[in-house]
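Structure data (mmCIF, C-alpha atoms (C1' of nucleotides)) from upload-v4.cif:
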data_model
loop_
_atom_site.label_atom_id
_atom_site.label_comp_id
_atom_site.auth_asym_id
_atom_site.auth_seq_id
_atom_site.Cartn_x
_atom_site.Cartn_y
_atom_site.Cartn_z
CA MET Z 1238 67.47 46.04 112.66
CA SER Z 1239 68.43 43.38 115.13
CA VAL Z 1240 68.81 40.78 112.44
CA GLN Z 1241 71.26 42.94 110.58
CA GLU Z 1242 73.20 43.61 113.76
CA ARG Z 1243 73.46 39.92 114.47
CA LYS Z 1244 74.76 39.34 110.96
CA GLU Z 1245 77.36 42.02 111.39
CA ARG Z 1246 78.44 40.53 114.67
CA GLU Z 1247 78.79 37.12 113.12
CA ARG Z 1248 80.67 38.56 110.22
CA ALA Z 1249 83.11 40.36 112.51
CA LYS Z 1250 83.54 37.18 114.48
CA ARG Z 1251 84.38 35.26 111.33
CA GLU Z 1252 86.87 37.90 110.33
CA ARG Z 1253 88.62 37.53 113.67
CA LEU Z 1254 88.60 33.79 113.15
CA ILE Z 1255 90.32 34.19 109.80
CA VAL Z 1256 93.06 36.39 111.24
CA ALA Z 1257 93.58 34.17 114.25
CA THR Z 1258 93.71 31.05 112.10
CA ALA Z 1259 96.16 32.61 109.67
CA ARG Z 1260 98.37 33.63 112.55
CA GLU Z 1261 98.20 30.21 114.16
CA LEU Z 1262 98.97 28.44 110.91
CA ALA Z 1263 101.85 30.79 110.20
CA GLU Z 1264 103.39 30.23 113.62
CA GLN Z 1265 102.96 26.49 113.33
CA GLN Z 1266 104.20 25.91 109.79
CA GLY Z 1267 105.46 29.23 108.46
CA TRP Z 1268 103.83 31.74 106.17
CA ASP Z 1269 104.46 29.58 103.12
CA ALA Z 1270 102.00 27.09 104.53
CA VAL Z 1271 99.31 29.76 104.83
CA THR Z 1272 97.56 29.19 101.53
CA THR Z 1273 94.05 30.38 100.84
CA ARG Z 1274 92.94 26.78 100.42
CA ARG Z 1275 94.32 25.60 103.74
CA LEU Z 1276 93.06 28.69 105.49
CA ALA Z 1277 89.60 28.23 104.04
CA GLU Z 1278 89.55 24.60 105.09
CA ARG Z 1279 90.55 25.44 108.65
CA ILE Z 1280 87.82 28.00 109.10
CA GLU Z 1281 85.40 25.59 107.45
CA TYR Z 1282 84.37 27.93 104.68
CA SER Z 1283 85.23 28.01 101.01
CA GLN Z 1284 88.00 30.14 99.55
CA PRO Z 1285 85.82 32.96 98.18
CA VAL Z 1286 84.64 33.75 101.70
CA LEU Z 1287 88.14 34.95 102.50
CA TYR Z 1288 87.88 37.41 99.65
CA SER Z 1289 84.65 38.84 101.00
CA HIS Z 1290 86.62 39.92 104.07
CA PHE Z 1291 90.01 40.76 102.60
CA ARG Z 1292 91.22 41.84 99.19
CA GLY Z 1293 93.71 39.01 99.17
CA LYS Z 1294 96.36 37.18 101.08
CA ARG Z 1295 98.35 40.39 101.49
CA GLU Z 1296 95.60 42.04 103.49
CA ILE Z 1297 95.35 39.02 105.75
CA ILE Z 1298 99.05 39.34 106.49
CA GLY Z 1299 98.44 43.03 107.14
CA ALA Z 1300 95.69 42.23 109.62
CA VAL Z 1301 97.98 39.87 111.52
CA ALA Z 1302 100.65 42.56 111.47
CA LEU Z 1303 98.35 45.15 113.06
CA GLU Z 1304 97.25 42.75 115.75
CA GLY Z 1305 100.88 41.88 116.43
CA ALA Z 1306 102.01 45.49 116.54
CA ALA Z 1307 99.50 46.22 119.27
CA GLU Z 1308 100.78 43.28 121.29
CA LEU Z 1309 104.39 44.30 120.75
CA ALA Z 1310 103.64 47.81 121.99
CA ALA Z 1311 101.91 46.43 125.06
CA ALA Z 1312 104.78 44.04 125.78
CA VAL Z 1313 107.34 46.83 125.52
CA ARG Z 1314 105.34 49.16 127.75
CA ALA Z 1315 104.79 46.48 130.36
CA ALA Z 1316 108.47 45.65 130.48
CA THR Z 1317 109.68 49.24 130.72
CA ALA Z 1318 107.11 50.19 133.32
CA ALA Z 1319 108.38 47.50 135.64
CA ALA Z 1320 112.03 48.58 135.41
CA GLY Z 1321 114.00 50.92 137.68
CA GLY Z 1322 116.34 53.52 136.19
CA PRO Z 1323 116.76 54.59 132.54
CA ARG Z 1324 119.52 52.07 131.93
CA GLU Z 1325 117.38 49.23 133.25
CA ARG Z 1326 114.39 50.43 131.26
CA VAL Z 1327 116.34 50.33 128.01
CA SER Z 1328 117.68 46.92 128.83
CA ALA Z 1329 114.18 45.69 129.65
CA LEU Z 1330 112.90 47.16 126.40
CA ALA Z 1331 115.52 45.38 124.35
CA ARG Z 1332 114.80 42.07 126.02
CA ALA Z 1333 111.07 42.48 125.65
CA TYR Z 1334 111.43 43.35 121.98
CA LEU Z 1335 113.70 40.44 121.16
CA GLY Z 1336 111.62 38.13 123.29
CA PHE Z 1337 108.52 39.03 121.34
CA ALA Z 1338 110.34 38.44 118.06
CA ALA Z 1339 111.58 35.06 119.24
CA ARG Z 1340 108.24 33.92 120.61
CA ASN Z 1341 106.19 35.14 117.65
CA PRO Z 1342 108.44 34.80 114.61
CA ALA Z 1343 105.62 34.67 112.09
CA VAL Z 1344 103.88 37.68 113.54
CA TYR Z 1345 107.17 39.55 113.68
CA ASP Z 1346 107.69 38.78 110.01
CA ALA Z 1347 104.20 40.00 109.20
CA ILE Z 1348 104.96 43.31 110.88
CA PHE Z 1349 108.49 43.95 109.69
CA GLN Z 1350 109.44 41.68 106.80
CA LEU Z 1351 106.45 40.72 104.72
CA ASP Z 1352 104.32 42.87 102.51
CA GLY Z 1353 101.01 43.37 104.24
CA GLY Z 1354 100.08 46.34 102.08
CA LEU Z 1355 100.48 48.71 105.01
CA ALA Z 1356 101.93 52.20 104.98
CA TYR Z 1357 104.90 52.76 107.25
CA ALA Z 1358 106.46 55.95 108.54
CA GLN Z 1359 103.82 58.14 106.91
CA GLU Z 1360 100.73 60.11 107.90
CA ASP Z 1361 98.37 57.35 106.82
CA THR Z 1362 100.24 54.71 108.78
CA PRO Z 1363 97.74 52.65 110.80
CA GLU Z 1364 97.49 53.60 114.46
CA PRO Z 1365 98.88 50.33 115.93
CA LEU Z 1366 102.11 50.77 113.98
CA LYS Z 1367 102.49 54.37 115.03
CA ASP Z 1368 101.79 53.38 118.59
CA ALA Z 1369 104.36 50.60 118.58
CA PHE Z 1370 106.98 53.11 117.51
CA ALA Z 1371 105.70 55.50 120.16
CA ALA Z 1372 106.18 52.83 122.80
CA LEU Z 1373 109.82 52.56 121.81
CA LEU Z 1374 110.19 56.32 121.68
CA GLU Z 1375 108.79 56.85 125.17
CA CYS Z 1376 111.60 54.84 126.68
CA LEU Z 1377 114.45 55.41 124.26
CA GLY Z 1378 113.93 59.15 123.99
CA GLU Z 1379 115.24 59.41 127.55
CA VAL Z 1380 118.66 58.07 126.63
CA ALA Z 1381 119.25 59.69 123.25
CA GLY Z 1382 121.86 62.04 124.68
CA ASP Z 1383 122.41 65.73 124.03
CA GLY Z 1384 122.13 66.95 120.49
CA VAL Z 1385 120.55 63.77 119.19
CA ALA Z 1386 116.93 63.83 118.15
CA PRO Z 1387 114.88 61.28 120.14
CA GLY Z 1388 113.13 60.07 117.01
CA LEU Z 1389 116.35 59.50 115.15
CA PHE Z 1390 117.89 57.76 118.13
CA THR Z 1391 114.87 55.51 118.48
CA GLU Z 1392 114.98 54.59 114.82
CA THR Z 1393 118.64 53.67 115.05
CA PHE Z 1394 118.28 51.67 118.23
CA TRP Z 1395 115.25 49.92 116.80
CA ALA Z 1396 117.11 49.08 113.61
CA ALA Z 1397 119.89 47.51 115.64
CA LEU Z 1398 117.41 45.38 117.56
CA HIS Z 1399 115.71 44.43 114.32
CA GLY Z 1400 119.01 43.35 112.85
CA LEU Z 1401 119.76 41.15 115.85
CA ALA Z 1402 116.29 39.64 115.78
CA THR Z 1403 116.22 38.80 112.09
CA LEU Z 1404 119.81 37.64 111.66
CA THR Z 1405 119.57 35.42 114.69
CA ARG Z 1406 116.37 33.77 113.61
CA ALA Z 1407 117.53 33.33 110.02
CA GLY Z 1408 120.53 31.42 111.33
CA ARG Z 1409 122.95 34.13 110.22
CA LEU Z 1410 124.07 34.73 113.80
CA PRO Z 1411 124.82 31.97 116.33
CA PRO Z 1412 122.12 32.16 118.99
CA GLN Z 1413 124.21 31.57 122.08
CA ASP Z 1414 125.78 35.04 122.47
CA THR Z 1415 122.57 36.99 122.01
CA GLU Z 1416 122.59 38.18 125.57
CA GLN Z 1417 126.04 39.73 125.29
CA ARG Z 1418 125.23 41.42 122.01
CA VAL Z 1419 122.17 43.03 123.53
CA GLU Z 1420 124.19 44.24 126.49
CA LEU Z 1421 126.81 45.72 124.21
CA LEU Z 1422 124.16 47.50 122.21
CA VAL Z 1423 122.42 48.92 125.27
CA ASP Z 1424 125.68 49.98 126.92
CA ARG Z 1425 127.16 51.71 123.93
CA LEU Z 1426 124.12 53.28 122.31
CA SER Z 1427 122.27 54.72 125.26
CA VAL Z 1428 123.46 57.75 127.20
CA VAL Z 1429 122.49 57.44 130.85
CA MET J 463 139.66 14.68 75.65
CA SER J 464 139.50 18.11 74.12
CA VAL J 465 135.91 17.62 73.12
CA GLN J 466 134.96 16.87 76.70
CA GLU J 467 136.85 19.91 77.93
CA ARG J 468 135.06 22.11 75.47
CA LYS J 469 131.75 20.74 76.64
CA GLU J 470 132.63 21.39 80.24
CA ARG J 471 133.64 24.94 79.39
CA GLU J 472 130.37 25.53 77.61
CA ARG J 473 128.47 24.02 80.48
CA ALA J 474 130.24 26.24 82.99
CA LYS J 475 129.54 29.23 80.80
CA ARG J 476 125.87 28.39 80.67
CA GLU J 477 125.79 28.04 84.43
CA ARG J 478 127.25 31.51 84.81
CA LEU J 479 124.64 32.75 82.37
CA ILE J 480 121.88 31.29 84.49
CA VAL J 481 123.18 32.95 87.66
CA ALA J 482 123.77 36.28 85.95
CA THR J 483 120.33 36.21 84.35
CA ALA J 484 118.62 35.32 87.62
CA ARG J 485 120.42 38.17 89.32
CA GLU J 486 119.55 40.62 86.58
CA LEU J 487 115.92 39.61 86.57
CA ALA J 488 115.74 39.82 90.36
CA GLU J 489 117.22 43.31 90.39
CA GLN J 490 114.91 44.44 87.62
CA GLN J 491 111.62 43.01 88.81
CA GLY J 492 112.22 41.44 92.22
CA TRP J 493 112.73 37.81 93.20
CA ASP J 494 109.05 37.02 92.79
CA ALA J 495 109.47 37.59 89.08
CA VAL J 496 112.32 35.09 88.91
CA THR J 497 110.32 32.04 87.91
CA THR J 498 111.89 29.00 86.33
CA ARG J 499 109.83 29.59 83.21
CA ARG J 500 110.91 33.17 82.73
CA LEU J 501 114.49 32.32 83.59
CA ALA J 502 114.52 29.48 81.07
CA GLU J 503 113.08 31.73 78.41
CA ARG J 504 115.71 34.41 79.00
CA ILE J 505 118.61 32.02 78.68
CA GLU J 506 116.91 30.49 75.65
CA TYR J 507 116.77 26.96 77.01
CA SER J 508 113.90 24.94 78.37
CA GLN J 509 113.11 24.65 82.06
CA PRO J 510 114.68 21.23 82.68
CA VAL J 511 118.08 22.59 81.69
CA LEU J 512 118.03 24.69 84.85
CA TYR J 513 117.59 21.54 86.86
CA SER J 514 120.64 19.94 85.26
CA HIS J 515 122.71 22.74 86.81
CA PHE J 516 120.88 23.37 90.07
CA ARG J 517 118.70 21.29 92.33
CA GLY J 518 116.03 23.94 92.20
CA LYS J 519 115.28 27.61 92.50
CA ARG J 520 116.74 27.71 95.99
CA GLU J 521 120.18 26.73 94.76
CA ILE J 522 120.05 29.42 92.11
CA ILE J 523 119.37 31.98 94.82
CA GLY J 524 122.27 30.49 96.75
CA ALA J 525 124.59 30.91 93.78
CA VAL J 526 123.61 34.55 93.44
CA ALA J 527 124.19 34.96 97.18
CA LEU J 528 127.73 33.58 96.99
CA GLU J 529 128.61 35.80 94.05
CA GLY J 530 127.19 38.78 95.90
CA ALA J 531 129.00 37.98 99.13
CA ALA J 532 132.32 38.05 97.31
CA GLU J 533 131.48 41.44 95.84
CA LEU J 534 130.35 42.78 99.18
CA ALA J 535 133.61 41.68 100.79
CA ALA J 536 135.61 43.33 98.04
CA ALA J 537 133.60 46.54 98.31
CA VAL J 538 134.11 46.71 102.06
CA ARG J 539 137.84 46.06 101.79
CA ALA J 540 138.28 48.64 99.06
CA ALA J 541 136.48 51.26 101.09
CA THR J 542 138.33 50.61 104.32
CA ALA J 543 141.73 50.45 102.64
CA ALA J 544 141.25 53.94 101.26
CA ALA J 545 140.37 55.48 104.62
CA GLY J 546 142.63 57.19 107.18
CA GLY J 547 142.25 56.46 110.90
CA PRO J 548 140.15 53.80 112.63
CA ARG J 549 137.16 56.10 112.99
CA GLU J 550 137.21 56.93 109.29
CA ARG J 551 137.65 53.29 108.39
CA VAL J 552 134.57 52.27 110.32
CA SER J 553 132.60 55.08 108.79
CA ALA J 554 133.76 54.07 105.32
CA LEU J 555 132.84 50.47 106.04
CA ALA J 556 129.34 51.39 107.11
CA ARG J 557 128.80 53.52 104.03
CA ALA J 558 130.18 50.87 101.72
CA TYR J 559 127.99 48.20 103.29
CA LEU J 560 124.80 50.24 103.09
CA GLY J 561 125.72 51.43 99.62
CA PHE J 562 126.04 47.87 98.44
CA ALA J 563 122.69 46.97 99.98
CA ALA J 564 121.02 49.96 98.34
CA ARG J 565 122.55 49.39 94.91
CA ASN J 566 121.97 45.63 94.87
CA PRO J 567 118.79 45.03 96.86
CA ALA J 568 117.98 41.69 95.27
CA VAL J 569 121.49 40.36 95.77
CA TYR J 570 121.45 41.62 99.33
CA ASP J 571 118.22 39.74 99.91
CA ALA J 572 119.71 36.61 98.42
CA ILE J 573 122.58 36.80 100.87
CA PHE J 574 120.80 37.82 104.04
CA GLN J 575 117.05 37.35 103.74
CA LEU J 576 116.15 34.56 101.37
CA ASP J 577 116.68 30.88 101.73
CA GLY J 578 119.45 29.87 99.37
CA GLY J 579 120.07 26.60 101.14
CA LEU J 580 123.41 27.84 102.48
CA ALA J 581 124.92 27.20 105.88
CA TYR J 582 125.72 30.27 107.95
CA ALA J 583 127.95 30.72 110.97
CA GLN J 584 129.13 27.11 110.87
CA GLU J 585 132.18 25.13 109.80
CA ASP J 586 130.67 24.15 106.47
CA THR J 587 129.74 27.72 105.65
CA PRO J 588 130.86 28.49 102.08
CA GLU J 589 134.10 30.44 101.84
CA PRO J 590 132.67 33.65 100.31
CA LEU J 591 130.33 34.05 103.26
CA LYS J 592 133.08 33.46 105.79
CA ASP J 593 135.27 35.91 103.92
CA ALA J 594 132.61 38.60 103.86
CA PHE J 595 132.38 38.38 107.63
CA ALA J 596 136.17 38.39 107.83
CA ALA J 597 136.25 41.61 105.84
CA LEU J 598 134.00 43.22 108.43
CA LEU J 599 136.02 41.75 111.27
CA GLU J 600 139.34 43.08 109.95
CA CYS J 601 138.13 46.62 110.29
CA LEU J 602 135.68 46.43 113.16
CA GLY J 603 137.94 44.35 115.39
CA GLU J 604 140.10 47.44 115.80
CA VAL J 605 137.36 49.42 117.50
CA ALA J 606 135.72 46.78 119.69
CA GLY J 607 137.15 48.33 122.83
CA ASP J 608 138.68 46.64 125.87
CA GLY J 609 137.01 43.54 127.19
CA VAL J 610 134.80 43.06 124.18
CA ALA J 611 135.50 40.17 121.84
CA PRO J 612 136.13 41.40 118.28
CA GLY J 613 133.88 38.71 116.84
CA LEU J 614 130.99 39.62 119.08
CA PHE J 615 131.46 43.30 118.41
CA THR J 616 131.51 42.70 114.67
CA GLU J 617 128.32 40.66 114.84
CA THR J 618 126.58 43.39 116.76
CA PHE J 619 127.75 46.19 114.52
CA TRP J 620 126.84 44.17 111.48
CA ALA J 621 123.37 43.45 112.86
CA ALA J 622 122.82 47.17 113.35
CA LEU J 623 123.84 47.89 109.77
CA HIS J 624 121.63 45.08 108.56
CA GLY J 625 118.69 46.52 110.45
CA LEU J 626 119.20 49.93 108.91
CA ALA J 627 119.56 48.45 105.44
CA THR J 628 116.49 46.26 105.53
CA LEU J 629 114.13 48.60 107.37
CA THR J 630 115.04 51.47 105.09
CA ARG J 631 114.50 49.50 101.93
CA ALA J 632 111.28 47.94 103.16
CA GLY J 633 109.92 51.45 103.72
CA ARG J 634 109.83 50.99 107.47
CA LEU J 635 112.30 53.85 107.97
CA PRO J 636 112.16 57.17 106.13
CA PRO J 637 115.16 57.29 103.81
CA GLN J 638 116.20 60.89 104.29
CA ASP J 639 117.95 60.63 107.67
CA THR J 640 120.02 57.55 106.83
CA GLU J 641 123.25 59.51 106.94
CA GLN J 642 122.67 60.71 110.50
CA ARG J 643 121.66 57.27 111.72
CA VAL J 644 124.86 55.80 110.36
CA GLU J 645 126.91 58.50 112.04
CA LEU J 646 125.18 57.90 115.32
CA LEU J 647 125.85 54.20 115.06
CA VAL J 648 129.51 54.64 114.21
CA ASP J 649 130.07 57.24 116.91
CA ARG J 650 128.42 55.36 119.71
CA LEU J 651 129.38 51.79 118.95
CA SER J 652 133.03 52.07 118.05
CA VAL J 653 135.76 52.81 120.57
CA VAL J 654 138.50 54.84 118.96
"C1'" DT A 528 126.70 2.16 59.19
"C1'" DT A 529 125.07 0.87 63.43
"C1'" DG A 530 124.28 1.17 68.39
"C1'" DA A 531 124.68 3.44 72.62
"C1'" DT A 532 124.96 7.53 75.11
"C1'" DT A 533 124.29 12.14 76.01
"C1'" DG A 534 121.67 16.18 75.83
"C1'" DT A 535 117.37 18.64 75.30
"C1'" DC A 536 112.50 19.41 74.85
"C1'" DT A 537 107.44 18.63 75.20
"C1'" DA A 538 103.95 17.74 78.10
"C1'" DG A 539 102.08 17.23 82.42
"C1'" DC A 540 101.62 16.78 87.73
"C1'" DG A 541 99.98 18.89 91.85
"C1'" DG A 542 100.14 23.10 93.82
"C1'" DT A 543 99.34 28.55 94.14
"C1'" DG A 544 96.23 33.18 94.38
"C1'" DC A 545 92.14 34.63 92.77
"C1'" DT A 546 87.25 35.01 90.48
"C1'" DA A 547 82.94 34.25 87.52
"C1'" DG A 548 78.53 32.44 87.73
"C1'" DG A 549 75.15 29.50 89.49
"C1'" DA A 550 72.78 27.51 93.58
"C1'" DT A 551 70.80 28.12 98.04
"C1'" DC A 552 68.95 30.13 101.90
"C1'" DG A 553 66.52 33.40 104.70
"C1'" DA A 554 64.03 37.74 105.32
"C1'" DA A 555 60.39 40.64 103.92
"C1'" DT A 556 56.12 41.15 101.35
"C1'" DC A 557 51.54 39.99 99.79
"C1'" DG P 104 51.36 30.62 104.71
"C1'" DA P 105 53.10 31.17 100.02
"C1'" DT P 106 56.12 33.96 97.19
"C1'" DT P 107 59.35 36.93 95.79
"C1'" DC P 108 63.95 38.77 96.00
"C1'" DG P 109 68.35 39.85 97.66
"C1'" DA P 110 72.25 38.45 100.24
"C1'" DT P 111 75.39 34.69 100.91
"C1'" DC P 112 78.10 30.95 99.72
"C1'" DC P 113 80.13 27.24 96.90
"C1'" DT P 114 81.64 24.81 92.66
"C1'" DA P 115 84.50 25.04 89.04
"C1'" DG P 116 87.97 27.06 86.60
"C1'" DC P 117 91.63 30.58 85.13
"C1'" DA P 118 96.64 31.44 84.60
"C1'" DC P 119 100.49 30.79 86.90
"C1'" DC P 120 104.06 28.34 90.00
"C1'" DG P 121 108.21 24.62 90.92
"C1'" DC P 122 109.45 20.49 89.29
"C1'" DT P 123 109.90 15.94 86.50
"C1'" DA P 124 108.93 11.72 83.39
"C1'" DG P 125 109.51 10.18 79.07
"C1'" DA P 126 110.00 10.99 74.10
"C1'" DC P 127 113.14 12.61 70.86
"C1'" DA P 128 117.36 14.21 68.45
"C1'" DA P 129 122.18 14.76 68.13
"C1'" DT P 130 126.61 12.93 68.88
"C1'" DC P 131 130.14 9.68 69.58
"C1'" DA P 132 132.40 4.81 69.52
"C1'" DA P 133 132.74 0.57 67.31
#
Take the structure in the file and give it back as structure tokens.
Amino acid sequence: MSVQERKERERAKRERLIVATARELAEQQGWDAVTTRRLAERIEYSQPVLYSHFRGKREIIGAVALEGAAELAAAVRAATAAAGGPRERVSALARAYLGFAARNPAVYDAIFQLDGGLAYAQEDTPEPLKDAFAALLECLGEVAGDGVAPGLFTETFWAALHGLATLTRAGRLPPQDTEQRVELLVDRLSVV
Amino acid sequence: MSVQERKERERAKRERLIVATARELAEQQGWDAVTTRRLAERIEYSQPVLYSHFRGKREIIGAVALEGAAELAAAVRAATAAAGGPRERVSALARAYLGFAARNPAVYDAIFQLDGGLAYAQEDTPEPLKDAFAALLECLGEVAGDGVAPGLFTETFWAALHGLATLTRAGRLPPQDTEQRVELLVDRLSVV
DNA sequence: TTGATTGTCTAGCGGTGCTAGGATCGAATC
DNA sequence: GATTCGATCCTAGCACCGCTAGACAATCAA
């Protein structure tokens, strides 16, 4: 059995290599540059090997998205845990979220813009995605205010952050006033 | 000279046909289905004809975006003009904006998500885009509140709407509670 | 009628995601 | 140790993509 185990280990390792390489390539040159040919060349295997791990390019994007969602959740939790009162926690959350989006644009796209074949906002939504939302909810639920459902408030706040993140990076919003926009959002939306 | 004028008219007409057909195809089957081959077939000309009007597919997307931006501005102005007080105007604006995004998803993508080769938030930004932002500003500037720049407030409010629009359509947010999220946004962000 | 110019099309380039089918390698059996 | 056999991987190729060079036809000016 040991031989089979070794093979499985190696296979899992190669799968991680594929995901990591796709992510790296996407961050370096954008998702358009992540072609199956280039990806295969970088991992030093032929194209069909990719298809023995994933159904297609979509699933590779999905894998990067799941990995990224876990990191995003961790980043948000770390930032909120280190902050003082509710107001500061929300502010820290917003900064952590936007910081992640700015530092990992390709990964952010994989999670929230591209089609990775993942289910969202359903029962069969993968755990990392649910958990990322939960990380937001834990902090934002505190400041929803009376008569407003924490989930609904979190969704709305999240959408606002998402809008800032995507419009800024797509050049639709000038980048210099980001800080003030975030402050405005935090001040007005959250009830402390 | 009349012959030349006629030719120019026909050429302009064909250009409008290209843009309208691209838009139609995008709304019917998504932008991925808008290939130069299919587009050429639908307008009953060969592929190279497209390239005598536009530099490439990107510019066609850009043309659809400009057309859409003008419509969006008109829709927003019509909705706000018909509303009573400031609070109602903002609410009407939000509904009109999200309604446009929901009814014309492909056009909305052309304006705000895809690369149409257009400049945004700069001096050389095409007029329809500037005007669409102006339409938002006219209404939202009223409710920015003291000490908050109307432009900055408008950008922030707009980003929030954009987040709701895109996350909802991408299946990242369940569609049923949209109404309540919009209300929350309007209530909390605007100062009446 | 001829010649030049304009307009359009056919055909093709290098690229994409994806896959069928053959070659190769390594593990288990005799 | 030789042999079988199954898993693994690669070569080659499909249909499609955006885009363009060059041949061809239609139109106009002389």
Q. Evaluating the PyMOL selection byres ((chain A) within 12 of (chain Z)) on the displayed file yields which residues, as a ChimeraX atom specification?
A. /A:542-547,553-555
Q: Taking the file above as input, evaluate the PyMOL selection byres ((chain J) within 7 of (chain Z)) and report the hits as a PyMOL selection string.
A: chain J and resi 582-583+614+618+621-622+624-626+629+633-636+643+650-651
Print the selection's residues with C-alpha atoms to a file, as a short mmCIF file (atom, residue, chain, number, x, y, z; two decimals), in the frame of the given file.
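To be explicit, this is the file written out as result-v4.cif:
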data_model
loop_
_atom_site.label_atom_id
_atom_site.label_comp_id
_atom_site.auth_asym_id
_atom_site.auth_seq_id
_atom_site.Cartn_x
_atom_site.Cartn_y
_atom_site.Cartn_z
CA TYR J 582 125.72 30.27 107.95
CA ALA J 583 127.95 30.72 110.97
CA LEU J 614 130.99 39.62 119.08
CA THR J 618 126.58 43.39 116.76
CA ALA J 621 123.37 43.45 112.86
CA ALA J 622 122.82 47.17 113.35
CA HIS J 624 121.63 45.08 108.56
CA GLY J 625 118.69 46.52 110.45
CA LEU J 626 119.20 49.93 108.91
CA LEU J 629 114.13 48.60 107.37
CA GLY J 633 109.92 51.45 103.72
CA ARG J 634 109.83 50.99 107.47
CA LEU J 635 112.30 53.85 107.97
CA PRO J 636 112.16 57.17 106.13
CA ARG J 643 121.66 57.27 111.72
CA ARG J 650 128.42 55.36 119.71
CA LEU J 651 129.38 51.79 118.95
#
Q.
With distances taken over all atoms listed in the file, which residue among P:DC117, P:DA132, P:DC122, P:DC127 lies nearest chain J?
A.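 The shortest atom-to-atom distance to chain J comes from P:DC122.
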Q: Within 12 Å of chain P, which residues of chain Z are there when counting all atoms listed in the file? Please give them as a list in words.
A: Gln1241, Lys1244, Arg1248, Ala1277, Glu1281, Tyr1282, Ser1283, Gln1284, Pro1285, Val1286, Leu1287, Tyr1288 and Ser1289 of chain Z
Q: Determine the residue membership of the PyMOL selection byres ((chain J and resi 490-493) around 12) for the file above and supply it as a PyMOL selection string.
A: chain J and resi 483-489+494-498+500-501+519-520+522-523+526+565-572+575-577
Q.
One decimal, in Å: what's the spacing between atom CA of Glu550 of chain J and atom CA of Glu604 of chain J?
A.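 Separation between atom CA of Glu550 of chain J and atom CA of Glu604 of chain J: 11.9 Å.
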Q. Atom CA of Gly546 of chain J and atom CA of Leu599 of chain J, how far apart in Å?
A.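 If I compute the distance from atom CA of Leu599 of chain J to atom CA of Gly546 of chain J, I get 17.3 Å.
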Q | One-decimal distance in Å that lies between atom CA of Gly1305 of chain Z and atom CA of Gly1378 of chain Z | A | 22.9 Å
Q) Near Arg551 of chain J, counting only C-alpha atoms (C1' of nucleotides), which residues have an atom at most 9 Å away, once you skip same-chain residues fewer than 6 positions from it, shown as a PyMOL selection string? A) chain J and resi 541-545+601-602
Box dimensions and centre (Å, one decimal) enclosing segment 112-128 of chain P, axis-aligned, 5 Å extra per side, as lines of an AutoDock Vina configuration file:
center_x = 97.7
center_y = 20.8
center_z = 84.1
size_x = 49.3
size_y = 31.3
size_z = 41.3
As a tab-separated table (two decimals), in the frame of the given file, could you write out segment 513-523 of chain J once it has been completed with N, CA and C atoms?
chain	number	residue	atom	x	y	z
J	513	TYR	N	117.50	22.58	85.84
J	513	TYR	CA	117.59	21.54	86.86
J	513	TYR	C	118.76	20.59	86.63
J	514	SER	N	119.41	20.71	85.48
J	514	SER	CA	120.64	19.94	85.26
J	514	SER	C	121.85	20.68	85.84
J	515	HIS	N	121.64	21.96	86.18
J	515	HIS	CA	122.71	22.74	86.81
J	515	HIS	C	122.48	22.91	88.30
J	516	PHE	N	121.23	23.10	88.67
J	516	PHE	CA	120.88	23.37	90.07
J	516	PHE	C	119.76	22.46	90.51
J	517	ARG	N	119.74	22.15	91.79
J	517	ARG	CA	118.70	21.29	92.33
J	517	ARG	C	117.33	21.95	92.23
J	518	GLY	N	117.31	23.24	92.24
J	518	GLY	CA	116.03	23.94	92.20
J	518	GLY	C	116.27	25.43	92.32
J	519	LYS	N	115.20	26.15	92.43
J	519	LYS	CA	115.28	27.61	92.50
J	519	LYS	C	116.12	28.07	93.68
J	520	ARG	N	115.99	27.38	94.79
J	520	ARG	CA	116.74	27.71	95.99
J	520	ARG	C	118.24	27.77	95.74
J	521	GLU	N	118.74	26.77	95.02
J	521	GLU	CA	120.18	26.73	94.76
J	521	GLU	C	120.62	27.86	93.84
J	522	ILE	N	119.73	28.28	92.98
J	522	ILE	CA	120.05	29.42	92.11
J	522	ILE	C	120.19	30.69	92.96
J	523	ILE	N	119.26	30.85	93.88
J	523	ILE	CA	119.37	31.98	94.82
J	523	ILE	C	120.69	31.89	95.59
